[in-house]
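This is data-v1.cif. It holds mmCIF, C-alpha atoms.
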data_run
loop_
_atom_site.label_atom_id
_atom_site.label_comp_id
_atom_site.auth_asym_id
_atom_site.auth_seq_id
_atom_site.Cartn_x
_atom_site.Cartn_y
_atom_site.Cartn_z
CA MET A 287 -50.14 -132.81 -112.38
CA ILE A 288 -48.40 -129.41 -112.17
CA ALA A 289 -51.17 -127.94 -114.32
CA LEU A 290 -53.76 -129.21 -111.82
CA VAL A 291 -51.77 -127.68 -108.94
CA ARG A 292 -51.77 -124.33 -110.74
CA LEU A 293 -55.48 -124.64 -111.49
CA ARG A 294 -56.34 -125.27 -107.85
CA LEU A 295 -54.15 -122.44 -106.62
CA ALA A 296 -55.68 -120.10 -109.20
CA GLY A 297 -59.19 -121.11 -108.13
CA PHE A 298 -58.28 -120.57 -104.48
CA LEU A 299 -56.98 -117.06 -105.18
CA ARG A 300 -59.36 -115.81 -107.87
CA THR A 301 -62.53 -116.81 -106.04
CA GLY A 302 -61.44 -114.79 -103.02
CA ARG A 303 -61.50 -117.86 -100.77
CA ALA A 304 -57.92 -117.11 -99.70
CA LEU A 305 -58.97 -113.90 -97.95
CA ALA A 306 -60.65 -115.46 -94.92
CA PRO A 307 -57.71 -117.58 -93.68
CA ALA A 308 -55.26 -114.80 -94.61
CA LEU A 309 -57.16 -112.26 -92.50
CA ALA A 310 -57.55 -114.76 -89.67
CA GLY A 311 -53.82 -115.43 -89.69
CA LEU A 312 -52.95 -111.74 -89.72
CA LEU A 313 -55.37 -111.08 -86.86
CA ALA A 314 -53.98 -113.94 -84.77
CA LEU A 315 -50.40 -112.86 -85.37
CA GLY A 316 -51.28 -109.23 -84.69
CA VAL A 317 -52.72 -110.18 -81.30
CA LEU A 318 -49.71 -112.38 -80.57
CA TYR A 319 -47.10 -109.73 -81.35
CA GLY A 320 -49.14 -106.93 -79.85
CA GLY A 321 -48.34 -108.27 -76.38
CA GLY A 322 -44.73 -107.11 -76.47
CA ARG A 323 -41.36 -107.98 -77.95
CA ALA A 324 -39.74 -111.40 -77.56
CA GLN A 325 -36.70 -113.27 -78.79
CA PRO A 326 -37.21 -114.54 -82.37
CA ALA A 327 -37.06 -118.28 -81.62
CA GLU A 328 -39.49 -118.03 -78.72
CA ALA A 329 -41.90 -115.82 -80.67
CA TYR A 330 -41.82 -118.03 -83.73
CA GLY A 331 -42.43 -121.14 -81.65
CA VAL A 332 -45.70 -119.67 -80.40
CA SER A 333 -46.50 -118.35 -83.87
CA ALA A 334 -46.32 -121.90 -85.30
CA VAL A 335 -48.85 -123.07 -82.71
CA VAL A 336 -51.18 -120.16 -83.45
CA LEU A 337 -50.97 -120.68 -87.22
CA PHE A 338 -51.60 -124.44 -87.13
CA PRO A 339 -55.44 -124.22 -87.19
CA VAL A 340 -55.26 -121.39 -89.74
CA LEU A 341 -53.13 -123.48 -92.10
CA ALA A 342 -55.44 -126.48 -91.64
CA TRP A 343 -58.49 -124.32 -92.37
CA GLN A 344 -56.75 -122.82 -95.40
CA THR A 345 -56.05 -126.32 -96.72
CA LYS A 346 -59.68 -127.36 -96.30
CA ILE A 347 -60.89 -124.24 -98.13
CA LEU A 348 -58.45 -124.77 -100.99
CA LEU A 349 -59.47 -128.40 -101.45
CA ASP A 350 -63.17 -127.55 -101.22
CA VAL A 351 -63.07 -124.81 -103.89
CA GLU A 352 -63.01 -127.32 -106.74
CA PRO A 353 -66.48 -128.68 -107.66
CA ASP A 354 -67.00 -132.39 -107.06
CA VAL A 355 -67.57 -133.10 -110.76
CA GLN A 356 -64.33 -131.38 -111.72
CA ARG A 357 -62.46 -133.35 -109.06
CA ARG A 358 -63.83 -136.62 -110.43
CA LEU A 359 -62.80 -135.62 -113.96
CA ALA A 360 -59.29 -134.94 -112.67
CA GLN A 361 -59.24 -138.42 -111.14
CA VAL A 362 -60.18 -139.93 -114.48
CA VAL A 363 -57.53 -137.97 -116.39
CA LEU A 364 -54.63 -138.21 -113.91
CA GLY A 365 -55.59 -141.14 -111.72
CA PRO A 366 -56.67 -141.01 -108.06
CA THR A 367 -53.15 -140.94 -106.62
CA ARG A 368 -51.90 -138.02 -108.72
CA GLU A 369 -55.15 -136.12 -108.23
CA ARG A 370 -54.84 -136.36 -104.45
CA ALA A 371 -51.14 -135.49 -104.61
CA ALA A 372 -51.90 -132.39 -106.70
CA GLY A 373 -54.35 -131.16 -104.07
CA LEU A 374 -51.90 -131.70 -101.23
CA LEU A 375 -49.09 -130.04 -103.16
CA ALA A 376 -51.26 -127.00 -103.91
CA ALA A 377 -52.19 -126.78 -100.22
CA ALA A 378 -48.51 -127.01 -99.22
CA VAL A 379 -47.55 -124.21 -101.62
CA ALA A 380 -50.30 -121.98 -100.22
CA ALA A 381 -49.21 -122.83 -96.68
CA LEU A 382 -45.60 -121.90 -97.49
CA GLY A 383 -46.81 -118.47 -98.57
CA THR A 384 -48.57 -118.02 -95.23
CA VAL A 385 -45.46 -119.17 -93.37
CA ALA A 386 -43.35 -116.63 -95.27
CA VAL A 387 -45.68 -113.85 -94.14
CA ALA A 388 -45.54 -115.14 -90.56
CA LEU A 389 -41.75 -114.99 -90.59
CA VAL A 390 -41.62 -111.43 -91.92
CA LEU A 391 -44.55 -109.83 -90.08
CA PRO A 392 -43.06 -109.62 -86.56
CA TRP A 393 -40.13 -107.57 -87.86
CA LEU A 394 -42.52 -105.12 -89.49
CA VAL A 395 -44.60 -104.58 -86.34
CA GLY A 396 -41.72 -104.66 -83.85
CA GLY A 397 -42.77 -107.91 -82.25
CA VAL A 398 -39.28 -109.39 -81.95
CA ALA A 399 -36.03 -108.15 -80.50
CA GLY A 400 -32.36 -108.95 -80.93
CA PRO A 401 -30.22 -110.68 -78.29
CA ALA A 402 -30.64 -109.05 -74.87
CA ALA A 403 -27.85 -110.95 -73.14
CA PRO A 404 -24.55 -112.56 -74.20
CA GLY A 405 -26.02 -116.05 -73.94
CA ASP A 406 -29.03 -115.35 -76.16
CA ARG A 407 -29.31 -116.80 -79.65
CA SER A 408 -28.33 -114.64 -82.57
CA VAL A 409 -31.04 -113.19 -84.78
CA LEU A 410 -30.12 -115.51 -87.65
CA ALA A 411 -30.25 -118.57 -85.40
CA GLY A 412 -33.63 -117.44 -84.05
CA VAL A 413 -35.04 -116.99 -87.56
CA LEU A 414 -33.76 -120.40 -88.69
CA LEU A 415 -35.27 -122.06 -85.63
CA GLY A 416 -38.49 -120.20 -86.30
CA LEU A 417 -38.52 -121.48 -89.87
CA TRP A 418 -38.01 -125.00 -88.49
CA ALA A 419 -40.94 -124.57 -86.09
CA HIS A 420 -43.28 -123.46 -88.87
CA LEU A 421 -42.13 -126.22 -91.22
CA LEU A 422 -42.78 -128.62 -88.34
CA ALA A 423 -46.38 -127.42 -88.22
CA LEU A 424 -46.98 -127.26 -91.98
CA PRO A 425 -47.31 -130.96 -92.95
CA GLY A 426 -49.54 -131.73 -89.98
CA ALA A 427 -51.78 -128.77 -90.76
CA VAL A 428 -52.08 -129.79 -94.41
CA ALA A 429 -52.86 -133.37 -93.37
CA LEU A 430 -55.54 -132.24 -90.90
CA GLY A 431 -57.09 -129.87 -93.43
CA ALA A 432 -57.16 -132.62 -96.05
CA LEU A 433 -58.87 -134.96 -93.59
CA ALA A 434 -61.50 -132.27 -92.97
CA SER A 435 -62.11 -131.58 -96.67
CA ARG A 436 -65.48 -132.13 -98.31
CA ALA A 437 -64.17 -135.09 -100.30
CA VAL A 438 -63.75 -136.96 -96.98
CA THR A 439 -66.32 -135.53 -94.57
CA ARG A 440 -69.06 -134.84 -97.15
CA THR A 441 -70.70 -132.13 -94.99
CA ALA A 442 -69.53 -128.76 -93.67
CA GLY A 443 -70.49 -129.71 -90.12
CA TYR A 444 -68.29 -132.80 -90.03
CA GLY A 445 -65.45 -130.85 -91.62
CA VAL A 446 -65.61 -128.14 -88.96
CA ALA A 447 -65.75 -130.83 -86.27
CA VAL A 448 -62.56 -132.44 -87.58
CA LEU A 449 -60.77 -129.07 -87.67
CA ALA A 450 -61.93 -128.13 -84.19
CA LEU A 451 -60.98 -131.52 -82.76
CA GLY A 452 -57.52 -131.25 -84.28
CA ALA A 453 -56.92 -127.68 -83.10
CA VAL A 454 -58.14 -128.34 -79.55
CA GLY A 455 -56.23 -131.62 -79.43
CA VAL A 456 -52.96 -129.86 -80.25
CA LEU A 457 -53.46 -127.53 -77.28
CA VAL A 458 -54.80 -130.06 -74.76
CA LEU A 459 -52.77 -133.16 -75.58
CA GLY A 460 -49.63 -131.12 -76.22
CA LEU A 461 -49.51 -129.79 -72.67
CA SER A 462 -46.59 -130.76 -70.49
CA GLY A 463 -47.44 -133.97 -68.66
CA SER A 464 -49.91 -135.25 -71.24
CA VAL A 465 -50.16 -139.05 -71.18
CA VAL A 466 -50.80 -139.33 -74.94
CA PRO A 467 -48.85 -136.47 -76.56
CA TRP A 468 -48.14 -138.60 -79.64
CA LEU A 469 -51.80 -138.28 -80.71
CA VAL A 470 -51.08 -134.74 -81.95
CA PRO A 471 -48.18 -133.09 -83.80
CA PRO A 472 -45.41 -131.78 -81.48
CA LEU A 473 -46.14 -128.07 -81.73
CA LEU A 474 -46.27 -127.26 -78.02
CA PRO A 475 -43.20 -129.37 -77.22
CA ALA A 476 -41.35 -127.49 -79.98
CA ALA A 477 -42.51 -124.13 -78.61
CA ARG A 478 -41.32 -125.09 -75.13
CA ALA A 479 -37.98 -126.21 -76.53
CA LEU A 480 -37.51 -122.94 -78.43
CA ALA A 481 -38.26 -120.96 -75.28
CA GLY A 482 -35.24 -122.63 -73.67
CA HIS A 483 -32.25 -124.40 -75.16
CA LEU A 484 -33.08 -126.74 -78.04
CA GLU A 485 -30.74 -129.73 -78.18
CA PRO A 486 -30.02 -131.20 -81.65
CA ALA A 487 -31.28 -134.61 -80.52
CA THR A 488 -34.54 -133.05 -79.35
CA GLY A 489 -34.93 -131.25 -82.66
CA LEU A 490 -34.46 -134.50 -84.59
CA LEU A 491 -36.93 -136.30 -82.34
CA LEU A 492 -39.57 -133.62 -82.79
CA SER A 493 -39.01 -133.56 -86.55
CA GLY A 494 -39.41 -137.33 -86.78
CA TRP A 495 -42.51 -137.15 -84.61
CA ALA A 496 -44.09 -134.50 -86.88
CA VAL A 497 -43.28 -136.47 -90.04
CA ALA A 498 -44.65 -139.71 -88.59
CA TRP A 499 -47.87 -138.03 -87.41
CA SER A 500 -48.39 -136.40 -90.80
CA ALA A 501 -47.71 -139.68 -92.60
CA VAL A 502 -50.29 -141.53 -90.52
CA THR A 503 -52.88 -138.79 -91.01
CA LEU A 504 -52.28 -138.61 -94.77
CA THR A 505 -52.59 -142.39 -94.96
CA GLY A 506 -55.98 -142.04 -93.30
CA TYR A 507 -56.88 -139.34 -95.81
CA ALA A 508 -55.89 -141.55 -98.75
CA TRP A 509 -57.87 -144.48 -97.33
CA ALA A 510 -60.94 -142.31 -96.77
CA ARG A 511 -60.75 -140.95 -100.33
CA ARG A 512 -60.55 -144.47 -101.75
CA SER A 513 -63.45 -145.72 -99.64
CA ARG A 514 -65.66 -142.78 -100.68
CA ALA A 515 -64.71 -142.84 -104.37
#

Could you rewrite the structure in this file as structure tokens?
Amino acid sequence: MIALVRLRLAGFLRTGRALAPALAGLLALGVLYGGGRAQPAEAYGVSAVVLFPVLAWQTKILLDVEPDVQRRLAQVVLGPTRERAAGLLAAAVAALGTVAVALVLPWLVGGVAGPAAPGDRSVLAGVLLGLWAHLLALPGAVALGALASRAVTRTAGYGVAVLALGAVGVLVLGLSGSVVPWLVPPLLPAARALAGHLEPATGLLLSGWAVAWSAVTLTGYAWARRSRA
């Protein structure tokens, strides 16, 4: 299975398909940090929200690079479960690379600042909370991108519709006062929490929420793959 993960990552990089989401992510982050300096935790909380659709799109592109015939051959050799797991693992590895860039970039462009008052979080605490915020977004983005992949949607139009619905849903249903916030991953609630004082209980609740949402979405992805096999 590791060989298949490497093969899919190599195809994603060597075909140049990785450039589009990488440039989109850099552009989005550049606009975000171009508005002024902010405390690390607060800035990273917004960064995770901004990167969510980029990571989902990146996942879809990575999973769509492989020709359908080659994907079916991989299913025969490894079995459907391991073939799907290899694709998701490759997408997660690529997403981690994007997250690493997102954590480093604001320091290079002067988009974050150290503590301005005695009660502010330390830089290290802000970075760790920022890492948590991005890891909170990563599994949901991979799950959404997998659900929008060609193996599930069959057409580019349906795939784009799934991505757009997921990205807009995160923004609309994640607003404060939403009656059904559980329909989307908790990116906006996490960003709001990082802008203030994040309680440990709140962090655990948001983490559990993100894991549960991703699990449900990945279950839907697995079911859709089986039904379309």

Any chance you could work out the residue set of the PyMOL selection byres ((chain A and resi 300-312) around 12) here, as a compact mmCIF listing (two decimals) with C-alpha atoms, in the coordinates of the input?
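Dumped everything to selection.txt:
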# COMPACT_ATOMS: atom_id res chain seq x y z
CA ARG A 292 -51.77 -124.33 -110.74
CA LEU A 293 -55.48 -124.64 -111.49
CA ARG A 294 -56.34 -125.27 -107.85
CA LEU A 295 -54.15 -122.44 -106.62
CA ALA A 296 -55.68 -120.10 -109.20
CA GLY A 297 -59.19 -121.11 -108.13
CA PHE A 298 -58.28 -120.57 -104.48
CA LEU A 299 -56.98 -117.06 -105.18
CA LEU A 313 -55.37 -111.08 -86.86
CA ALA A 314 -53.98 -113.94 -84.77
CA LEU A 315 -50.40 -112.86 -85.37
CA GLY A 316 -51.28 -109.23 -84.69
CA VAL A 317 -52.72 -110.18 -81.30
CA LEU A 318 -49.71 -112.38 -80.57
CA TYR A 319 -47.10 -109.73 -81.35
CA GLY A 320 -49.14 -106.93 -79.85
CA SER A 333 -46.50 -118.35 -83.87
CA ALA A 334 -46.32 -121.90 -85.30
CA VAL A 335 -48.85 -123.07 -82.71
CA VAL A 336 -51.18 -120.16 -83.45
CA LEU A 337 -50.97 -120.68 -87.22
CA PHE A 338 -51.60 -124.44 -87.13
CA PRO A 339 -55.44 -124.22 -87.19
CA VAL A 340 -55.26 -121.39 -89.74
CA LEU A 341 -53.13 -123.48 -92.10
CA ALA A 342 -55.44 -126.48 -91.64
CA TRP A 343 -58.49 -124.32 -92.37
CA GLN A 344 -56.75 -122.82 -95.40
CA THR A 345 -56.05 -126.32 -96.72
CA LYS A 346 -59.68 -127.36 -96.30
CA ILE A 347 -60.89 -124.24 -98.13
CA LEU A 348 -58.45 -124.77 -100.99
CA LEU A 349 -59.47 -128.40 -101.45
CA ASP A 350 -63.17 -127.55 -101.22
CA VAL A 351 -63.07 -124.81 -103.89
CA GLU A 352 -63.01 -127.32 -106.74
CA ALA A 377 -52.19 -126.78 -100.22
CA ALA A 380 -50.30 -121.98 -100.22
CA ALA A 381 -49.21 -122.83 -96.68
CA GLY A 383 -46.81 -118.47 -98.57
CA THR A 384 -48.57 -118.02 -95.23
CA VAL A 385 -45.46 -119.17 -93.37
CA ALA A 386 -43.35 -116.63 -95.27
CA VAL A 387 -45.68 -113.85 -94.14
CA ALA A 388 -45.54 -115.14 -90.56
CA LEU A 389 -41.75 -114.99 -90.59
CA VAL A 390 -41.62 -111.43 -91.92
CA LEU A 391 -44.55 -109.83 -90.08
CA PRO A 392 -43.06 -109.62 -86.56
CA VAL A 395 -44.60 -104.58 -86.34

Which distance in Å separates atom CA of A:Val291 and atom CA of A:Arg357, to one decimal?
12.1 Å

Within 9 Å of A:Val413, counting all atoms listed in the file, which residues qualify if same-chain residues fewer than 3 places away don't, as a PyMOL selection string?
chain A and resi 326-327+330+389+408-410+416-418

Of the candidates A:Leu394, A:Leu430, A:Ala360, A:Ala378, which one gets nearest to A:Ala501 if we count all atoms listed in the file?
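Ranking A:Leu394, A:Leu430, A:Ala360, A:Ala378 by distance to A:Ala501, first place goes to A:Leu430.
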
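One distance worth recording is that between atom CA of A:Ala427 and atom CA of A:Arg440, which is 19.4 Å.
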
Top pick for closest residue to A:Ser493, considering A:Ala372, A:Val332, A:Leu459, A:Ala419 and counting only C-alpha atoms:
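Result for the nearest residue to A:Ser493: A:Ala419.
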
Which residues are close to stretch 465-480 of chain A, i.e. within 7 Å by only C-alpha atoms, leaving aside same-chain residues fewer than 3 positions away? Reply as a compact mmCIF listing (two decimals) with C-alpha atoms, in the frame of the given file.
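The result, written out as around29.txt:
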# COMPACT_ATOMS: atom_id res chain seq x y z
CA ALA A 327 -37.06 -118.28 -81.62
CA GLU A 328 -39.49 -118.03 -78.72
CA GLY A 331 -42.43 -121.14 -81.65
CA VAL A 332 -45.70 -119.67 -80.40
CA VAL A 335 -48.85 -123.07 -82.71
CA ALA A 419 -40.94 -124.57 -86.09
CA ALA A 423 -46.38 -127.42 -88.22
CA GLY A 426 -49.54 -131.73 -89.98
CA GLY A 455 -56.23 -131.62 -79.43
CA VAL A 456 -52.96 -129.86 -80.25
CA LEU A 459 -52.77 -133.16 -75.58
CA GLY A 460 -49.63 -131.12 -76.22
CA LEU A 461 -49.51 -129.79 -72.67
CA HIS A 483 -32.25 -124.40 -75.16
CA LEU A 484 -33.08 -126.74 -78.04
CA LEU A 492 -39.57 -133.62 -82.79
CA TRP A 495 -42.51 -137.15 -84.61
CA ALA A 496 -44.09 -134.50 -86.88
CA TRP A 499 -47.87 -138.03 -87.41

Between atom CA of A:Ser500 and atom CA of A:Ala450, distance in Å (one decimal):
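About the pair atom CA of A:Ser500 and atom CA of A:Ala450: they are 17.2 Å apart.
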
Centre and edges of the stretch 433-452 of chain A box, axis-aligned, 3 Å extra per side, as JSON:
{"center_x": -64.1, "center_y": -132.5, "center_z": -91.5, "size_x": 19.2, "size_y": 14.8, "size_z": 23.5}

Give the answer as one residue: which of A:Ala371, A:Ala481, A:Leu457, A:Leu364 has the shortest atom-to-atom distance to A:Thr505, using all atoms listed in the file?
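Counting all atoms listed in the file, the residue closest to A:Thr505 is A:Ala371.
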
Could you state which residues are captured by the PyMOL selection byres ((chain A and resi 369) around 10) in this file, as a VMD selection string?
chain A and resid 287 290 to 291 357 to 368 370 to 375

Go through A:Tyr507, A:Leu415, A:Ser513, A:Val448 and flag the residue nearest A:Pro486, using only C-alpha atoms for the distances.
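Ranked by minimum distance to A:Pro486, first place goes to A:Leu415.
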